[in-house]
Amino acid sequence: MTDTAALIAARPASVAHLFLARIRDSADAEAYRFPRPSAGGGEHWESLTWGQTGQRVMAIAAGLISLGVRPEDRVAIAAGTRVEWILADLGILCAGAATTTVYPSTDADETAYILADSGSRVLFAEDAAQLAKVAGQRERLPELTAVITFEEVGQDGVLSLAELEAAGARLLAHDPAAVLRTIEGIEREHLATLIYTSGTTGRPKGVRLVHDCWTYQSVATVALDGARADDLEYLWLPMAHAFGKSQLNNQITAGYAMAVDGRLERFADNLRLIRPTVTAAVPRVFEKVYIALAADARAKGRTYDAVFRWAARVAREYTRVAQERGAARGGGMETGKPLVPLGLKLRHALADLLVYRGVRAAFGGRLRGCLSGSAPLSPEIAGFFGGAGVNILEGYGLTETCAGATIAVYEYRTGLVGKPLPGLEVRISDLGEILLRGPGLMRYHHLPEQTAQVLDADGWFHTGDSGELTPDGYLRITGRIKELIKTSGGKYVAPIEIESRFKAVCPYVADIIVVGDGRQYCSALITLDEPAILAWAAAHGLPGRPYADVCVSSEVHALIGGYVAEVNATLQRWQTVKRFTVLPRQLSLAEGELTPSMKVRRAAVERNHAPTIAAMYD
């Protein structure tokens, strides 16, 4: 048995056991650092050792036990990424319970649905804004018995985190082994996390992830990715997302320190301040960094702008040539010495002097590598950063697989998402769908029929993604089979839900096609019913105008924009349609955009109108 296989076989029974082992091995080492307001204004960073983290987590776990929380009870967290989220999550797990994750941007109705469907008994709410979401919905939440806030809200019947910890300390003073006994009883198949992900019906589905899913994934990942105990990771990712949760478990397994701050507006400043050696993000974050670098170049004048654009071309060429020659090999996050032509090497050296050093400085100057996941990363973006010395390693996975299924640590190749974690099988079906089998797979909460639709009798999970395997076993994602789109921020969106809502409110629509897979936001192509819109035009100052002219007029754009805004008001932020285009013609059977039964062929529509779609993301 190989060392990696032996490590995986000997993995702890639960995340709580994993955490106890880390406290035992690294009690005095730094675990977390995090921002706090300073007395004179501004902010400073504080830190916790693993031993200090353990003391707080045990108090939180004991506090939950004192509230009557029992093994596998669900306890929800509605908060942004901050150190309290991590403490609460670990406290929940050490109490034997399971964490229900709720995005802080989720609206009140959907928050109440998630809490009710999960049967959550306790809620950790970040602040007054999160607390307000359940204040008027308690009749929908008969199982919710307690609410705890991270920030003081001064409301009767609501505990602060400090008060919960104090209650836990009192229980531990009376019964010091209360939490340890609970942890000892946690088994591999006990529920650890319930994450709700978008479904095609509109309501999200609860993804049940047991302890063994997380411990397998973290032990297997850390065994491969070259993480070191002296690393410092900057964690920005939403902890309500499987990607963020997986990073937390990986950090506990490896034992390095983590700087935690979920404020996206602080991302660039924090990189320079924290100077991490590793970080992880969704593609949209890397896109934002690239856009900021390019904007800064333009602000410095034409000459520097031209130099930056030249350096970007050199970086992409350098990445491509190095990878074609197989020179980007290296263990974990480091790469080998590129074997590139002398001319390219010299141009690259000059570009490094003029541009790339500044790019690396923007990431803090110590970065060994970044992990990108949750959505495909543009090869152009990856090639630029790779050539500039910021290696972005892509991985692949879903909420249903604890985020991580494959990871590009064997060899840095732009456009590929690596090989499967040891112990996990990957194959491509006859239809081109990616199938996965092994540890780390979920079940849907209360939805056995939907579970059976994606998890077959032989244990293969049908991902809904299409892909291919290279001859040497690397996975390439080629598209999506199921009709869910995934933004570059990692959010799933069901286009049919949005389209049906729009058709319900707009009396002029013929068809609407929501797009945005791999893009930073959703947009839409809209066609209008000819008689209906021409009648409106005749009554609004556009009589006798041809149909095509009416469709592209500013008056009609304003009209349709009102309906788009009306629908957007009913959607989650990441589902909203940010831009739309009214097409000058209806969809055509002759152009392959409609089937004989008049169903829309999405791929054909997107292909035929590719320039229009691209313009909405210009």
# chains A, B, ... in the order shown; residues from 1 in each chain; ligands from 1

call {"tool": "select_by_dssp", "arguments": {"residues": "stretch 250-442 of chain A", "states": "strand (DSSP E)", "output": "PyMOL selection string"}}
result
chain A and resi 257-260+278-281+369-372+392-396+406-407+419-420+425-428+433-437

call {"tool": "residues_around", "arguments": {"residues": "stretch 429-432 of chain A", "least_positions_apart": "2", "cutoff": "12 Å", "atoms": "only C-alpha atoms", "output": "list in words"}}
result
Val426, Arg427, Ile434, Leu435, Leu436, Trp460, Phe461, His462, Thr463, Gly464, Asp465, Ser466, Gly467, Glu468, Leu469, Arg476, Ile477, Thr478, Gly479, Arg480, Ile481 and Lys482 of chain A

call {"tool": "residues_around", "arguments": {"residues": "A:Val278", "least_positions_apart": "6", "cutoff": "12 Å", "atoms": "only C-alpha atoms", "output": "number ranges by chain"}}
result
A: 225-236, 247, 251, 256-259, 271, 332-334, 363-372, 390-393

call {"tool": "atom_distance", "arguments": {"atom1": "atom CA of A:Gly490", "atom2": "atom CA of A:Pro283"}}
result
8.0 Å

call {"tool": "residues_around", "arguments": {"residues": "A:Thr487", "least_positions_apart": "4", "cutoff": "12 Å", "atoms": "only C-alpha atoms", "output": "list in words"}}
result
Val282, Pro283, Arg284, Val285, Gly373, Ser374, Ala375, Pro376, Leu377, Lys491, Tyr492, Val493, Ala494, Pro495, Val514, Val515, Gly516, Asp517, Gly518, Arg519, Gln520, Tyr521, Cys522, Ser523, Trp574, Gln575, Thr576 and Val577 of chain A

call {"tool": "write_last_selection", "arguments": {"atoms": "N, CA, C and O atoms", "output": "compact mmCIF listing (two decimals), in the first residue's frame"}}
result
# COMPACT_ATOMS: atom_id res chain seq x y z
N VAL A 282 -12.68 31.74 -6.82
CA VAL A 282 -13.43 31.40 -8.03
C VAL A 282 -12.88 32.24 -9.18
O VAL A 282 -12.23 33.27 -8.97
N PRO A 283 -13.10 31.83 -10.43
CA PRO A 283 -12.52 32.53 -11.57
C PRO A 283 -12.82 34.02 -11.62
O PRO A 283 -11.97 34.81 -12.04
N ARG A 284 -13.99 34.42 -11.18
CA ARG A 284 -14.35 35.83 -11.27
C ARG A 284 -13.39 36.70 -10.48
O ARG A 284 -13.11 37.85 -10.86
N VAL A 285 -12.85 36.20 -9.38
CA VAL A 285 -11.90 36.97 -8.59
C VAL A 285 -10.62 37.21 -9.37
O VAL A 285 -10.08 38.32 -9.40
N GLY A 373 -11.44 27.10 -8.61
CA GLY A 373 -12.46 26.08 -8.75
C GLY A 373 -13.83 26.67 -8.78
O GLY A 373 -14.01 27.89 -8.77
N SER A 374 -14.84 25.79 -8.86
CA SER A 374 -16.25 26.14 -8.82
C SER A 374 -16.80 26.54 -10.18
O SER A 374 -18.00 26.54 -10.37
N ALA A 375 -15.95 26.90 -11.12
CA ALA A 375 -16.36 27.24 -12.49
C ALA A 375 -15.11 27.23 -13.36
O ALA A 375 -13.99 27.33 -12.84
N PRO A 376 -15.28 27.12 -14.68
CA PRO A 376 -14.10 27.10 -15.55
C PRO A 376 -13.38 28.45 -15.54
O PRO A 376 -13.99 29.51 -15.53
N LEU A 377 -12.06 28.38 -15.56
CA LEU A 377 -11.22 29.57 -15.62
C LEU A 377 -10.84 29.82 -17.08
O LEU A 377 -10.43 28.90 -17.78
N LYS A 491 -21.78 30.25 -8.83
CA LYS A 491 -23.20 30.10 -8.48
C LYS A 491 -23.96 29.37 -9.58
O LYS A 491 -23.81 29.69 -10.78
N TYR A 492 -24.79 28.40 -9.17
CA TYR A 492 -25.66 27.74 -10.12
C TYR A 492 -26.93 28.58 -10.32
O TYR A 492 -27.48 29.13 -9.38
N VAL A 493 -27.38 28.63 -11.57
CA VAL A 493 -28.60 29.35 -11.90
C VAL A 493 -29.44 28.46 -12.81
O VAL A 493 -28.92 27.86 -13.76
N ALA A 494 -30.72 28.35 -12.51
CA ALA A 494 -31.65 27.59 -13.36
C ALA A 494 -32.31 28.56 -14.33
O ALA A 494 -33.20 29.32 -13.94
N PRO A 495 -31.89 28.58 -15.62
CA PRO A 495 -32.45 29.56 -16.55
C PRO A 495 -33.94 29.40 -16.77
O PRO A 495 -34.65 30.40 -16.96
N VAL A 514 -31.83 32.83 -21.19
CA VAL A 514 -30.88 33.33 -20.20
C VAL A 514 -29.55 32.62 -20.41
O VAL A 514 -29.49 31.39 -20.53
N VAL A 515 -28.48 33.40 -20.49
CA VAL A 515 -27.14 32.85 -20.66
C VAL A 515 -26.24 33.35 -19.53
O VAL A 515 -26.63 34.23 -18.77
N GLY A 516 -25.06 32.78 -19.44
CA GLY A 516 -24.13 33.22 -18.40
C GLY A 516 -23.24 32.13 -17.89
O GLY A 516 -22.50 32.34 -16.92
N ASP A 517 -23.24 30.94 -18.52
CA ASP A 517 -22.39 29.87 -18.05
C ASP A 517 -20.93 30.27 -18.18
O ASP A 517 -20.45 30.59 -19.26
N GLY A 518 -20.21 30.25 -17.05
CA GLY A 518 -18.81 30.63 -17.05
C GLY A 518 -18.59 32.13 -17.11
O GLY A 518 -17.44 32.59 -17.15
N ARG A 519 -19.67 32.91 -17.12
CA ARG A 519 -19.55 34.38 -17.16
C ARG A 519 -19.76 34.95 -15.76
O ARG A 519 -20.21 34.27 -14.85
N GLN A 520 -19.48 36.24 -15.62
CA GLN A 520 -19.56 36.83 -14.29
C GLN A 520 -20.99 37.15 -13.85
O GLN A 520 -21.22 37.41 -12.68
N TYR A 521 -21.94 37.17 -14.79
CA TYR A 521 -23.33 37.43 -14.42
C TYR A 521 -24.23 36.89 -15.52
O TYR A 521 -23.77 36.48 -16.59
N CYS A 522 -25.52 36.87 -15.25
CA CYS A 522 -26.50 36.39 -16.23
C CYS A 522 -26.92 37.53 -17.15
O CYS A 522 -27.05 38.68 -16.74
N SER A 523 -27.14 37.19 -18.40
CA SER A 523 -27.73 38.11 -19.35
C SER A 523 -28.80 37.35 -20.13
O SER A 523 -28.99 36.15 -19.91
N TRP A 574 -27.46 36.64 -7.41
CA TRP A 574 -26.65 36.00 -8.45
C TRP A 574 -27.50 35.48 -9.62
O TRP A 574 -26.96 35.12 -10.65
N GLN A 575 -28.82 35.46 -9.45
CA GLN A 575 -29.69 35.01 -10.53
C GLN A 575 -30.12 36.16 -11.45
O GLN A 575 -30.60 35.92 -12.55
N THR A 576 -29.97 37.39 -11.00
CA THR A 576 -30.55 38.51 -11.72
C THR A 576 -29.91 38.71 -13.09
O THR A 576 -28.72 38.46 -13.28
N VAL A 577 -30.71 39.18 -14.02
CA VAL A 577 -30.25 39.46 -15.39
C VAL A 577 -29.69 40.88 -15.41
O VAL A 577 -30.42 41.85 -15.27

call {"tool": "residues_around", "arguments": {"residues": "stretch 7-20 of chain A", "least_positions_apart": "4", "cutoff": "6 Å", "atoms": "only C-alpha atoms", "output": "list in words"}}
result
Leu93, Cys94, Glu187, Arg188 and His211 of chain A

call {"tool": "write_last_selection", "arguments": {"atoms": "all heavy atoms", "output": "PDB file, in the first residue's frame"}}
result
ATOM      1  N   LEU A  93     -19.833  20.759  14.840  1.00  0.00           N
ATOM      2  CA  LEU A  93     -19.360  19.414  14.535  1.00  0.00           C
ATOM      3  C   LEU A  93     -18.880  18.701  15.793  1.00  0.00           C
ATOM      4  O   LEU A  93     -19.101  17.492  15.950  1.00  0.00           O
ATOM      5  CB  LEU A  93     -18.251  19.475  13.499  1.00  0.00           C
ATOM      6  CG  LEU A  93     -18.655  20.050  12.132  1.00  0.00           C
ATOM      7  CD1 LEU A  93     -17.465  20.102  11.196  1.00  0.00           C
ATOM      8  CD2 LEU A  93     -19.785  19.237  11.507  1.00  0.00           C
ATOM      9  N   CYS A  94     -18.220  19.428  16.697  1.00  0.00           N
ATOM     10  CA  CYS A  94     -17.752  18.806  17.933  1.00  0.00           C
ATOM     11  C   CYS A  94     -18.902  18.499  18.893  1.00  0.00           C
ATOM     12  O   CYS A  94     -18.746  17.686  19.814  1.00  0.00           O
ATOM     13  CB  CYS A  94     -16.714  19.692  18.615  1.00  0.00           C
ATOM     14  SG  CYS A  94     -15.113  19.716  17.752  1.00  0.00           S
ATOM     15  N   GLU A 187     -19.624   8.914  14.145  1.00  0.00           N
ATOM     16  CA  GLU A 187     -19.201   7.880  13.200  1.00  0.00           C
ATOM     17  C   GLU A 187     -19.061   8.457  11.800  1.00  0.00           C
ATOM     18  O   GLU A 187     -19.574   9.543  11.495  1.00  0.00           O
ATOM     19  CB  GLU A 187     -20.212   6.728  13.207  1.00  0.00           C
ATOM     20  CG  GLU A 187     -20.337   6.055  14.579  1.00  0.00           C
ATOM     21  CD  GLU A 187     -21.376   4.952  14.580  1.00  0.00           C
ATOM     22  OE1 GLU A 187     -22.000   4.707  13.519  1.00  0.00           O
ATOM     23  OE2 GLU A 187     -21.573   4.335  15.653  1.00  0.00           O
ATOM     24  N   ARG A 188     -18.381   7.717  10.944  1.00  0.00           N
ATOM     25  CA  ARG A 188     -18.077   8.186   9.587  1.00  0.00           C
ATOM     26  C   ARG A 188     -19.323   8.614   8.813  1.00  0.00           C
ATOM     27  O   ARG A 188     -19.296   9.598   8.073  1.00  0.00           O
ATOM     28  CB  ARG A 188     -17.356   7.089   8.795  1.00  0.00           C
ATOM     29  CG  ARG A 188     -15.975   6.739   9.312  1.00  0.00           C
ATOM     30  CD  ARG A 188     -15.304   5.716   8.391  1.00  0.00           C
ATOM     31  NE  ARG A 188     -14.034   5.263   8.937  1.00  0.00           N
ATOM     32  CZ  ARG A 188     -12.884   5.923   8.794  1.00  0.00           C
ATOM     33  NH1 ARG A 188     -12.876   7.049   8.112  1.00  0.00           N
ATOM     34  NH2 ARG A 188     -11.776   5.446   9.325  1.00  0.00           N
ATOM     35  N   HIS A 211     -19.436  12.987   7.564  1.00  0.00           N
ATOM     36  CA  HIS A 211     -18.065  13.255   8.016  1.00  0.00           C
ATOM     37  C   HIS A 211     -17.034  12.575   7.112  1.00  0.00           C
ATOM     38  O   HIS A 211     -15.983  13.148   6.821  1.00  0.00           O
ATOM     39  CB  HIS A 211     -17.891  12.790   9.458  1.00  0.00           C
ATOM     40  CG  HIS A 211     -18.418  13.761  10.465  1.00  0.00           C
ATOM     41  ND1 HIS A 211     -17.669  14.805  10.957  1.00  0.00           N
ATOM     42  CD2 HIS A 211     -19.630  13.852  11.060  1.00  0.00           C
ATOM     43  CE1 HIS A 211     -18.384  15.498  11.828  1.00  0.00           C
ATOM     44  NE2 HIS A 211     -19.585  14.939  11.908  1.00  0.00           N
TER      45      HIS A 211
END

call {"tool": "residues_around", "arguments": {"residues": "A:Glu151", "least_positions_apart": "5", "cutoff": "12 Å", "atoms": "only C-alpha atoms", "output": "PyMOL selection string"}}
result
chain A and resi 79+82+84-85+124-131+158-163

call {"tool": "write_last_selection", "arguments": {"atoms": "N, CA, C and O atoms", "output": "PDB file, in the first residue's frame"}}
result
ATOM      1  N   ALA A  79     -24.142  33.716   7.634  1.00  0.00           N
ATOM      2  CA  ALA A  79     -23.112  34.728   7.879  1.00  0.00           C
ATOM      3  C   ALA A  79     -22.114  34.734   6.743  1.00  0.00           C
ATOM      4  O   ALA A  79     -21.988  33.759   5.999  1.00  0.00           O
ATOM      5  N   ARG A  82     -15.886  34.773   8.083  1.00  0.00           N
ATOM      6  CA  ARG A  82     -15.199  35.427   9.189  1.00  0.00           C
ATOM      7  C   ARG A  82     -14.793  34.341  10.171  1.00  0.00           C
ATOM      8  O   ARG A  82     -15.297  33.204  10.102  1.00  0.00           O
ATOM      9  N   GLU A  84     -15.547  33.804  13.184  1.00  0.00           N
ATOM     10  CA  GLU A  84     -16.659  33.270  13.983  1.00  0.00           C
ATOM     11  C   GLU A  84     -17.402  32.167  13.240  1.00  0.00           C
ATOM     12  O   GLU A  84     -17.942  31.250  13.868  1.00  0.00           O
ATOM     13  N   TRP A  85     -17.464  32.279  11.905  1.00  0.00           N
ATOM     14  CA  TRP A  85     -18.103  31.212  11.107  1.00  0.00           C
ATOM     15  C   TRP A  85     -17.356  29.908  11.346  1.00  0.00           C
ATOM     16  O   TRP A  85     -17.962  28.855  11.570  1.00  0.00           O
ATOM     17  N   PHE A 124     -27.119  30.316  13.931  1.00  0.00           N
ATOM     18  CA  PHE A 124     -26.120  31.349  14.144  1.00  0.00           C
ATOM     19  C   PHE A 124     -26.348  32.426  13.083  1.00  0.00           C
ATOM     20  O   PHE A 124     -26.194  32.159  11.886  1.00  0.00           O
ATOM     21  N   ALA A 125     -26.743  33.619  13.511  1.00  0.00           N
ATOM     22  CA  ALA A 125     -26.978  34.733  12.593  1.00  0.00           C
ATOM     23  C   ALA A 125     -25.873  35.760  12.792  1.00  0.00           C
ATOM     24  O   ALA A 125     -25.552  36.123  13.937  1.00  0.00           O
ATOM     25  N   GLU A 126     -25.311  36.241  11.711  1.00  0.00           N
ATOM     26  CA  GLU A 126     -24.160  37.120  11.819  1.00  0.00           C
ATOM     27  C   GLU A 126     -24.462  38.409  12.570  1.00  0.00           C
ATOM     28  O   GLU A 126     -23.722  38.826  13.448  1.00  0.00           O
ATOM     29  N   ASP A 127     -25.595  39.054  12.217  1.00  0.00           N
ATOM     30  CA  ASP A 127     -25.879  40.387  12.743  1.00  0.00           C
ATOM     31  C   ASP A 127     -27.374  40.636  12.693  1.00  0.00           C
ATOM     32  O   ASP A 127     -28.170  39.725  12.418  1.00  0.00           O
ATOM     33  N   ALA A 128     -27.753  41.881  12.929  1.00  0.00           N
ATOM     34  CA  ALA A 128     -29.172  42.230  12.952  1.00  0.00           C
ATOM     35  C   ALA A 128     -29.837  42.000  11.605  1.00  0.00           C
ATOM     36  O   ALA A 128     -31.017  41.627  11.537  1.00  0.00           O
ATOM     37  N   ALA A 129     -29.104  42.219  10.514  1.00  0.00           N
ATOM     38  CA  ALA A 129     -29.679  42.029   9.175  1.00  0.00           C
ATOM     39  C   ALA A 129     -30.045  40.565   8.946  1.00  0.00           C
ATOM     40  O   ALA A 129     -31.110  40.257   8.387  1.00  0.00           O
ATOM     41  N   GLN A 130     -29.170  39.639   9.361  1.00  0.00           N
ATOM     42  CA  GLN A 130     -29.483  38.218   9.200  1.00  0.00           C
ATOM     43  C   GLN A 130     -30.590  37.800  10.170  1.00  0.00           C
ATOM     44  O   GLN A 130     -31.455  36.993   9.828  1.00  0.00           O
ATOM     45  N   LEU A 131     -30.581  38.370  11.353  1.00  0.00           N
ATOM     46  CA  LEU A 131     -31.605  38.059  12.343  1.00  0.00           C
ATOM     47  C   LEU A 131     -32.987  38.481  11.850  1.00  0.00           C
ATOM     48  O   LEU A 131     -33.985  37.782  12.058  1.00  0.00           O
ATOM     49  N   VAL A 158     -32.429  36.355  22.268  1.00  0.00           N
ATOM     50  CA  VAL A 158     -31.337  36.063  21.334  1.00  0.00           C
ATOM     51  C   VAL A 158     -30.034  36.030  22.116  1.00  0.00           C
ATOM     52  O   VAL A 158     -29.724  36.969  22.872  1.00  0.00           O
ATOM     53  N   LEU A 159     -29.274  34.965  21.968  1.00  0.00           N
ATOM     54  CA  LEU A 159     -27.989  34.835  22.646  1.00  0.00           C
ATOM     55  C   LEU A 159     -26.876  35.418  21.790  1.00  0.00           C
ATOM     56  O   LEU A 159     -26.917  35.327  20.554  1.00  0.00           O
ATOM     57  N   SER A 160     -25.882  35.998  22.407  1.00  0.00           N
ATOM     58  CA  SER A 160     -24.661  36.364  21.690  1.00  0.00           C
ATOM     59  C   SER A 160     -23.726  35.164  21.715  1.00  0.00           C
ATOM     60  O   SER A 160     -23.885  34.234  22.510  1.00  0.00           O
ATOM     61  N   LEU A 161     -22.733  35.179  20.834  1.00  0.00           N
ATOM     62  CA  LEU A 161     -21.760  34.099  20.810  1.00  0.00           C
ATOM     63  C   LEU A 161     -21.026  34.024  22.154  1.00  0.00           C
ATOM     64  O   LEU A 161     -20.759  32.927  22.671  1.00  0.00           O
ATOM     65  N   ALA A 162     -20.717  35.181  22.732  1.00  0.00           N
ATOM     66  CA  ALA A 162     -20.037  35.200  24.028  1.00  0.00           C
ATOM     67  C   ALA A 162     -20.894  34.547  25.107  1.00  0.00           C
ATOM     68  O   ALA A 162     -20.383  33.813  25.976  1.00  0.00           O
ATOM     69  N   GLU A 163     -22.200  34.786  25.083  1.00  0.00           N
ATOM     70  CA  GLU A 163     -23.089  34.176  26.076  1.00  0.00           C
ATOM     71  C   GLU A 163     -23.175  32.668  25.887  1.00  0.00           C
ATOM     72  O   GLU A 163     -23.241  31.905  26.867  1.00  0.00           O
TER      73      GLU A 163
END

call {"tool": "select_by_dssp", "arguments": {"residues": "stretch 282-334 of chain A", "states": "alpha helix (DSSP H)", "output": "short mmCIF file (atom, residue, chain, number, x, y, z; two decimals) with N, CA and C atoms, in the first residue's frame"}}
result
data_model
loop_
_atom_site.label_atom_id
_atom_site.label_comp_id
_atom_site.auth_asym_id
_atom_site.auth_seq_id
_atom_site.Cartn_x
_atom_site.Cartn_y
_atom_site.Cartn_z
N PRO A 283 -13.10 31.83 -10.43
CA PRO A 283 -12.52 32.53 -11.57
C PRO A 283 -12.82 34.02 -11.62
N ARG A 284 -13.99 34.42 -11.18
CA ARG A 284 -14.35 35.83 -11.27
C ARG A 284 -13.39 36.70 -10.48
N VAL A 285 -12.85 36.20 -9.38
CA VAL A 285 -11.90 36.97 -8.59
C VAL A 285 -10.62 37.21 -9.37
N PHE A 286 -10.14 36.17 -10.04
CA PHE A 286 -8.94 36.34 -10.85
C PHE A 286 -9.20 37.27 -12.03
N GLU A 287 -10.42 37.22 -12.56
CA GLU A 287 -10.79 38.15 -13.63
C GLU A 287 -10.74 39.59 -13.11
N LYS A 288 -11.25 39.80 -11.90
CA LYS A 288 -11.23 41.15 -11.32
C LYS A 288 -9.81 41.65 -11.12
N VAL A 289 -8.92 40.77 -10.67
CA VAL A 289 -7.53 41.18 -10.47
C VAL A 289 -6.91 41.56 -11.80
N TYR A 290 -7.16 40.76 -12.83
CA TYR A 290 -6.61 41.07 -14.16
C TYR A 290 -7.16 42.40 -14.68
N ILE A 291 -8.46 42.61 -14.52
CA ILE A 291 -9.08 43.86 -14.98
C ILE A 291 -8.47 45.05 -14.25
N ALA A 292 -8.23 44.89 -12.95
CA ALA A 292 -7.63 45.98 -12.17
C ALA A 292 -6.20 46.26 -12.63
N LEU A 293 -5.44 45.22 -12.93
CA LEU A 293 -4.08 45.41 -13.42
C LEU A 293 -4.08 46.14 -14.77
N ALA A 294 -4.99 45.72 -15.65
CA ALA A 294 -5.08 46.36 -16.96
C ALA A 294 -5.54 47.81 -16.85
N ALA A 295 -6.47 48.08 -15.95
CA ALA A 295 -6.94 49.46 -15.75
C ALA A 295 -5.83 50.33 -15.19
N ASP A 296 -5.04 49.77 -14.28
CA ASP A 296 -3.92 50.52 -13.72
C ASP A 296 -2.90 50.85 -14.81
N ALA A 297 -2.69 49.92 -15.73
CA ALA A 297 -1.76 50.16 -16.83
C ALA A 297 -2.27 51.30 -17.72
N ARG A 298 -3.57 51.30 -17.99
CA ARG A 298 -4.13 52.37 -18.82
C ARG A 298 -3.99 53.72 -18.13
N ALA A 299 -4.16 53.71 -16.81
CA ALA A 299 -4.08 54.97 -16.06
C ALA A 299 -2.68 55.56 -16.07
N ARG A 302 -0.34 55.86 -22.28
CA ARG A 302 -0.33 55.00 -23.47
C ARG A 302 0.87 54.07 -23.51
N THR A 303 2.03 54.62 -23.13
CA THR A 303 3.24 53.81 -23.24
C THR A 303 3.17 52.59 -22.34
N TYR A 304 2.83 52.81 -21.07
CA TYR A 304 2.78 51.68 -20.15
C TYR A 304 1.65 50.72 -20.52
N ASP A 305 0.54 51.27 -21.01
CA ASP A 305 -0.57 50.43 -21.45
C ASP A 305 -0.11 49.50 -22.57
N ALA A 306 0.63 50.04 -23.51
CA ALA A 306 1.15 49.23 -24.62
C ALA A 306 2.12 48.17 -24.11
N VAL A 307 2.95 48.54 -23.16
CA VAL A 307 3.90 47.59 -22.59
C VAL A 307 3.14 46.46 -21.88
N PHE A 308 2.11 46.82 -21.13
CA PHE A 308 1.34 45.80 -20.41
C PHE A 308 0.70 44.82 -21.39
N ARG A 309 0.10 45.34 -22.45
CA ARG A 309 -0.56 44.47 -23.41
C ARG A 309 0.46 43.56 -24.11
N TRP A 310 1.64 44.10 -24.40
CA TRP A 310 2.70 43.27 -24.98
C TRP A 310 3.13 42.20 -23.99
N ALA A 311 3.31 42.57 -22.73
CA ALA A 311 3.72 41.61 -21.71
C ALA A 311 2.67 40.52 -21.51
N ALA A 312 1.39 40.88 -21.63
CA ALA A 312 0.32 39.89 -21.51
C ALA A 312 0.41 38.86 -22.64
N ARG A 313 0.70 39.32 -23.85
CA ARG A 313 0.86 38.39 -24.98
C ARG A 313 2.07 37.47 -24.75
N VAL A 314 3.16 38.04 -24.26
CA VAL A 314 4.35 37.24 -23.98
C VAL A 314 4.06 36.19 -22.91
N ALA A 315 3.34 36.59 -21.86
CA ALA A 315 3.02 35.66 -20.77
C ALA A 315 2.22 34.47 -21.29
N ARG A 316 1.22 34.74 -22.12
CA ARG A 316 0.40 33.64 -22.66
C ARG A 316 1.21 32.74 -23.57
N GLU A 317 2.06 33.34 -24.38
CA GLU A 317 2.90 32.53 -25.26
C GLU A 317 3.88 31.69 -24.45
N TYR A 318 4.44 32.28 -23.42
CA TYR A 318 5.40 31.58 -22.56
C TYR A 318 4.73 30.38 -21.90
N THR A 319 3.52 30.59 -21.36
CA THR A 319 2.78 29.50 -20.72
C THR A 319 2.49 28.39 -21.72
N ARG A 320 2.03 28.78 -22.91
CA ARG A 320 1.67 27.78 -23.92
C ARG A 320 2.88 26.96 -24.36
N VAL A 321 3.98 27.63 -24.67
CA VAL A 321 5.17 26.93 -25.16
C VAL A 321 5.75 26.03 -24.07
N ALA A 322 5.82 26.55 -22.84
CA ALA A 322 6.37 25.75 -21.74
C ALA A 322 5.55 24.49 -21.52
N GLN A 323 4.24 24.62 -21.60
CA GLN A 323 3.38 23.47 -21.37
C GLN A 323 3.44 22.49 -22.54
N GLU A 324 3.52 23.02 -23.76
CA GLU A 324 3.64 22.14 -24.92
C GLU A 324 4.91 21.30 -24.86
#

call {"tool": "residues_around", "arguments": {"residues": "stretch 348-350 of chain A", "least_positions_apart": "2", "cutoff": "9 Å", "atoms": "only C-alpha atoms", "output": "ChimeraX atom specification"}}
result
/A:311,314-315,318,343-346,352-355,387-388

call {"tool": "write_last_selection", "arguments": {"atoms": "N, CA and C atoms", "output": "compact mmCIF listing (two decimals), in the first residue's frame"}}
result
# COMPACT_ATOMS: atom_id res chain seq x y z
N ALA A 311 3.31 42.57 -22.73
CA ALA A 311 3.72 41.61 -21.71
C ALA A 311 2.67 40.52 -21.51
N VAL A 314 3.16 38.04 -24.26
CA VAL A 314 4.35 37.24 -23.98
C VAL A 314 4.06 36.19 -22.91
N ALA A 315 3.34 36.59 -21.86
CA ALA A 315 3.02 35.66 -20.77
C ALA A 315 2.22 34.47 -21.29
N TYR A 318 4.44 32.28 -23.42
CA TYR A 318 5.40 31.58 -22.56
C TYR A 318 4.73 30.38 -21.90
N GLY A 343 14.80 33.35 -27.66
CA GLY A 343 14.15 34.63 -27.93
C GLY A 343 12.97 34.87 -27.02
N LEU A 344 12.15 33.86 -26.82
CA LEU A 344 11.01 33.99 -25.93
C LEU A 344 11.48 34.17 -24.49
N LYS A 345 12.54 33.47 -24.12
CA LYS A 345 13.07 33.60 -22.77
C LYS A 345 13.54 35.03 -22.50
N LEU A 346 14.18 35.64 -23.48
CA LEU A 346 14.66 37.01 -23.31
C LEU A 346 13.50 38.00 -23.22
N ASP A 352 9.22 40.48 -17.38
CA ASP A 352 9.26 40.28 -15.93
C ASP A 352 9.76 41.53 -15.23
N LEU A 353 10.79 42.13 -15.79
CA LEU A 353 11.36 43.33 -15.20
C LEU A 353 10.37 44.49 -15.23
N LEU A 354 9.61 44.59 -16.34
CA LEU A 354 8.73 45.73 -16.53
C LEU A 354 7.33 45.54 -15.93
N VAL A 355 6.83 44.31 -15.94
CA VAL A 355 5.42 44.09 -15.59
C VAL A 355 5.22 42.98 -14.56
N GLY A 387 2.26 32.84 -16.93
CA GLY A 387 3.46 33.42 -17.51
C GLY A 387 4.08 34.48 -16.63
N ALA A 388 3.26 35.11 -15.78
CA ALA A 388 3.76 36.14 -14.87
C ALA A 388 4.28 35.57 -13.57
